[in-house]
$ cat my_file_7.cif   # mmCIF, C-alpha atoms and all ligand atoms
data_model
loop_
_atom_site.label_atom_id
_atom_site.label_comp_id
_atom_site.auth_asym_id
_atom_site.auth_seq_id
_atom_site.Cartn_x
_atom_site.Cartn_y
_atom_site.Cartn_z
CA MET A 1 238.75 201.64 -54.90
CA ASP A 2 236.77 204.33 -53.14
CA ALA A 3 233.09 203.53 -53.11
CA VAL A 4 231.09 206.15 -54.98
CA PRO A 5 227.53 206.99 -53.99
CA ARG A 6 225.08 204.67 -55.69
CA MET A 7 221.38 204.13 -55.69
CA THR A 8 221.03 200.64 -54.30
CA PRO A 9 218.07 198.43 -55.12
CA ALA A 10 215.35 197.23 -52.79
CA LEU A 11 215.96 193.52 -52.33
CA ASP A 12 213.17 191.08 -53.05
CA ASP A 13 212.79 187.35 -53.54
CA LEU A 14 213.73 187.57 -57.22
CA ASN A 15 216.78 189.85 -57.06
CA ARG A 16 218.31 189.05 -53.66
CA GLU A 17 220.84 186.45 -54.86
CA PHE A 18 221.96 188.71 -57.70
CA TRP A 19 222.69 191.68 -55.44
CA THR A 20 224.17 189.73 -52.51
CA GLY A 21 226.15 187.02 -54.36
CA GLY A 22 229.16 189.32 -54.48
CA LYS A 23 229.63 188.80 -50.75
CA SER A 24 231.10 185.41 -51.67
CA GLY A 25 232.56 186.71 -54.94
CA GLU A 26 229.90 185.09 -57.09
CA LEU A 27 227.92 186.58 -59.96
CA ARG A 28 224.56 184.88 -59.45
CA LEU A 29 222.05 184.94 -62.30
CA THR A 30 218.80 183.21 -63.08
CA ARG A 31 219.08 180.26 -65.49
CA CYS A 32 216.38 178.16 -67.08
CA SER A 33 216.07 174.70 -65.57
CA ALA A 34 214.58 173.36 -68.80
CA CYS A 35 216.74 174.77 -71.64
CA ASN A 36 219.74 175.97 -69.60
CA ARG A 37 219.52 179.51 -70.94
CA TRP A 38 220.86 182.30 -68.72
CA VAL A 39 218.05 184.78 -68.11
CA PHE A 40 218.94 188.43 -67.55
CA PRO A 41 217.19 190.73 -66.73
CA LEU A 42 216.35 188.42 -63.86
CA SER A 43 213.13 186.49 -64.22
CA ASP A 44 211.29 183.59 -62.65
CA ASP A 45 210.41 182.36 -66.14
CA CYS A 46 212.49 181.72 -69.24
CA PRO A 47 211.58 184.02 -72.17
CA GLU A 48 212.72 181.32 -74.61
CA CYS A 49 210.79 178.26 -73.48
CA GLY A 50 208.65 179.37 -70.52
CA GLY A 51 210.47 177.06 -68.15
CA SER A 52 211.16 178.08 -64.58
CA THR A 53 214.53 179.46 -63.57
CA GLU A 54 216.89 178.89 -60.70
CA TYR A 55 220.00 180.77 -59.57
CA GLN A 56 223.39 179.61 -60.78
CA THR A 57 226.84 181.16 -60.65
CA ALA A 58 228.04 182.68 -63.92
CA SER A 59 231.70 182.87 -64.88
CA GLY A 60 231.93 186.60 -64.24
CA ARG A 61 234.08 186.89 -67.36
CA GLY A 62 233.16 188.88 -70.43
CA THR A 63 234.08 191.50 -72.99
CA VAL A 64 233.13 195.13 -73.48
CA PHE A 65 230.31 195.21 -76.04
CA THR A 66 230.05 199.01 -76.14
CA HIS A 67 230.98 201.88 -73.87
CA THR A 68 230.90 205.61 -73.31
CA THR A 69 232.45 208.11 -70.96
CA ASN A 70 230.18 210.25 -68.85
CA ALA A 71 231.42 213.75 -68.01
CA TYR A 72 228.07 215.22 -66.95
CA PRO A 73 227.60 215.73 -63.20
CA TYR A 74 224.27 213.93 -62.75
CA ASN A 75 225.32 213.41 -59.15
CA PRO A 76 227.84 216.00 -57.91
CA ALA A 77 229.25 213.48 -55.42
CA VAL A 78 230.44 211.11 -58.16
CA PRO A 79 233.93 211.92 -59.50
CA LEU A 80 234.09 212.65 -63.24
CA PRO A 81 234.66 211.40 -65.83
CA TYR A 82 233.59 207.79 -65.50
CA ASN A 83 232.94 204.86 -67.78
CA ILE A 84 229.57 203.34 -68.59
CA SER A 85 229.80 200.05 -70.47
CA VAL A 86 227.66 197.25 -71.76
CA VAL A 87 229.54 194.03 -70.98
CA GLU A 88 228.64 190.76 -72.69
CA LEU A 89 229.33 187.75 -70.52
CA ASP A 90 231.28 184.82 -71.95
CA ASP A 91 228.58 182.45 -70.67
CA GLN A 92 226.11 183.11 -73.48
CA ASP A 93 225.77 185.22 -76.64
CA GLY A 94 223.73 188.34 -75.91
CA LEU A 95 223.94 188.05 -72.11
CA ARG A 96 224.68 191.70 -71.46
CA PHE A 97 224.96 194.01 -68.47
CA VAL A 98 224.98 197.77 -68.17
CA THR A 99 227.80 198.43 -65.74
CA ASN A 100 230.98 200.41 -65.16
CA VAL A 101 234.49 199.33 -66.10
CA VAL A 102 236.60 200.40 -63.14
CA ASP A 103 240.29 200.45 -62.11
CA CYS A 104 241.05 201.73 -65.59
CA PRO A 105 241.05 205.28 -67.06
CA PRO A 106 237.80 205.74 -69.04
CA GLU A 107 239.77 206.62 -72.19
CA ASP A 108 241.51 203.22 -72.08
CA VAL A 109 238.29 201.17 -72.29
CA ARG A 110 237.91 199.47 -75.69
CA VAL A 111 235.23 197.42 -77.43
CA GLY A 112 236.21 193.76 -77.14
CA MET A 113 238.37 194.34 -74.04
CA ALA A 114 238.41 191.27 -71.79
CA VAL A 115 237.01 192.05 -68.35
CA HIS A 116 235.96 190.22 -65.22
CA VAL A 117 233.55 190.99 -62.44
CA VAL A 118 234.46 192.73 -59.19
CA PHE A 119 232.02 193.74 -56.51
CA GLU A 120 231.55 197.06 -54.78
CA PRO A 121 229.95 196.61 -51.36
CA HIS A 122 227.17 198.92 -50.20
CA GLY A 123 225.85 197.44 -46.99
CA GLU A 124 224.32 194.06 -47.87
CA VAL A 125 224.28 194.93 -51.59
CA PHE A 126 227.31 194.06 -53.72
CA VAL A 127 227.18 195.95 -57.02
CA PRO A 128 228.75 193.98 -59.91
CA LEU A 129 231.32 196.06 -61.80
CA PHE A 130 233.97 194.94 -64.25
CA THR A 131 237.72 195.44 -64.43
CA PRO A 132 240.13 194.72 -67.31
CA ASP A 133 241.94 191.38 -67.31
CA LYS A 134 245.64 191.89 -66.77
CA GLN A 135 247.59 192.02 -70.03
CA THR A 136 250.48 189.57 -70.22
ZN ZN B 1 214.20 177.91 -71.14
#
$ encode --input "my_file_7.cif" --output "structure tokens"
Amino acid sequence: MDAVPRMTPALDDLNREFWTGGKSGELRLTRCSACNRWVFPLSDDCPECGGSTEYQTASGRGTVFTHTTNAYPYNPAVPLPYNISVVELDDQDGLRFVTNVVDCPPEDVRVGMAVHVVFEPHGEVFVPLFTPDKQT
């Protein structure tokens, strides 16, 4: 896929593993060491129990929770139209990402569609995107 222009985040101690894990193909998220809950948005502390978190590798598999197609040229360099989706990871109910479903025409994206993570490299940052599982 051609890399589209993206705003990339400033890396810090909290988010570095999330944004660079894609280099080794891993979706790295914070997870509570006490109650095992995945914590996203990333945090040093668990919102459920207050325990501290550590990075673990999530499955990278999920389903489309909701989606839309953007046809407005917010950035003229980004080809239109494109998909914006909220993907819920299989790892935990309610563990959701705002992302793009790629390698698929926007009109073909469906709620409940099975997807898996792919990474788009931008220097040292690897942006997690999702692509449909192959239908058999
Ligand atoms: Zn916890």
$ closest_atom_pairs --input "my_file_7.cif" --of "chain A" --to "ligand ZN 1 (chain B)" --cutoff "8 Å" --atoms "all atoms listed in the file" --output "CSV"
residue,atom,partner,partner_atom,distance
A:Arg31,CA,B:ZN1,ZN,7.8
A:Cys32,CA,B:ZN1,ZN,4.6
A:Ser33,CA,B:ZN1,ZN,6.7
A:Ala34,CA,B:ZN1,ZN,5.1
A:Cys35,CA,B:ZN1,ZN,4.1
A:Asn36,CA,B:ZN1,ZN,6.1
A:Arg37,CA,B:ZN1,ZN,5.6
A:Asp45,CA,B:ZN1,ZN,7.7
A:Cys46,CA,B:ZN1,ZN,4.6
A:Pro47,CA,B:ZN1,ZN,6.7
A:Glu48,CA,B:ZN1,ZN,5.1
A:Cys49,CA,B:ZN1,ZN,4.2
A:Gly50,CA,B:ZN1,ZN,5.8
A:Gly51,CA,B:ZN1,ZN,4.9
A:Ser52,CA,B:ZN1,ZN,7.2
A:Thr53,CA,B:ZN1,ZN,7.7
$ residues_around --input "my_file_7.cif" --residues "region 113-128 of chain A" --least-positions-apart "2" --cutoff "7 Å" --atoms "only C-alpha atoms" --output "PyMOL selection string"
chain A and resi 3+19-20+22-23+60-64+110-111+130-133
$ write_last_selection --input "my_file_7.cif" --atoms "C-alpha atoms" --output "JSON list (two decimals), in the coordinates of the input"
[["chain", "number", "residue", "atom", "x", "y", "z"],
["A", 3, "ALA", "CA", 233.09, 203.53, -53.11],
["A", 19, "TRP", "CA", 222.69, 191.68, -55.44],
["A", 20, "THR", "CA", 224.17, 189.73, -52.51],
["A", 22, "GLY", "CA", 229.16, 189.32, -54.48],
["A", 23, "LYS", "CA", 229.63, 188.80, -50.75],
["A", 60, "GLY", "CA", 231.93, 186.60, -64.24],
["A", 61, "ARG", "CA", 234.08, 186.89, -67.36],
["A", 62, "GLY", "CA", 233.16, 188.88, -70.43],
["A", 63, "THR", "CA", 234.08, 191.50, -72.99],
["A", 64, "VAL", "CA", 233.13, 195.13, -73.48],
["A", 110, "ARG", "CA", 237.91, 199.47, -75.69],
["A", 111, "VAL", "CA", 235.23, 197.42, -77.43],
["A", 130, "PHE", "CA", 233.97, 194.94, -64.25],
["A", 131, "THR", "CA", 237.72, 195.44, -64.43],
["A", 132, "PRO", "CA", 240.13, 194.72, -67.31],
["A", 133, "ASP", "CA", 241.94, 191.38, -67.31]]
$ atom_distance --input "my_file_7.cif" --atom1 "CA of Ser43 (chain A)" --atom2 "CA of Glu88 (chain A)"
18.2 Å
$ atom_distance --input "my_file_7.cif" --atom1 "CA of Asn83 (chain A)" --atom2 "CA of Leu129 (chain A)"
10.8 Å
$ closest_residue --input "my_file_7.cif" --among "A:Ser85, A:Thr69, A:Pro5, A:Asn75" --to "Glu107 (chain A)" --atoms "only C-alpha atoms"
A:Thr69
$ closest_residue --input "my_file_7.cif" --among "A:Phe97, A:Phe65, A:Tyr82, A:Tyr55" --to "Gly21 (chain A)" --atoms "all atoms listed in the file"
A:Tyr55
$ closest_residue --input "my_file_7.cif" --among "A:Pro106, A:Val87, A:Arg96, A:Glu54" --to "Asn70 (chain A)" --atoms "all atoms listed in the file"
A:Pro106
$ atom_distance --input "my_file_7.cif" --atom1 "CA of Leu89 (chain A)" --atom2 "CA of Thr66 (chain A)"
12.6 Å
$ closest_residue --input "my_file_7.cif" --among "A:Leu95, A:Met7, A:Gln56, A:Ser24" --to "Pro41 (chain A)" --atoms "all atoms listed in the file"
A:Leu95
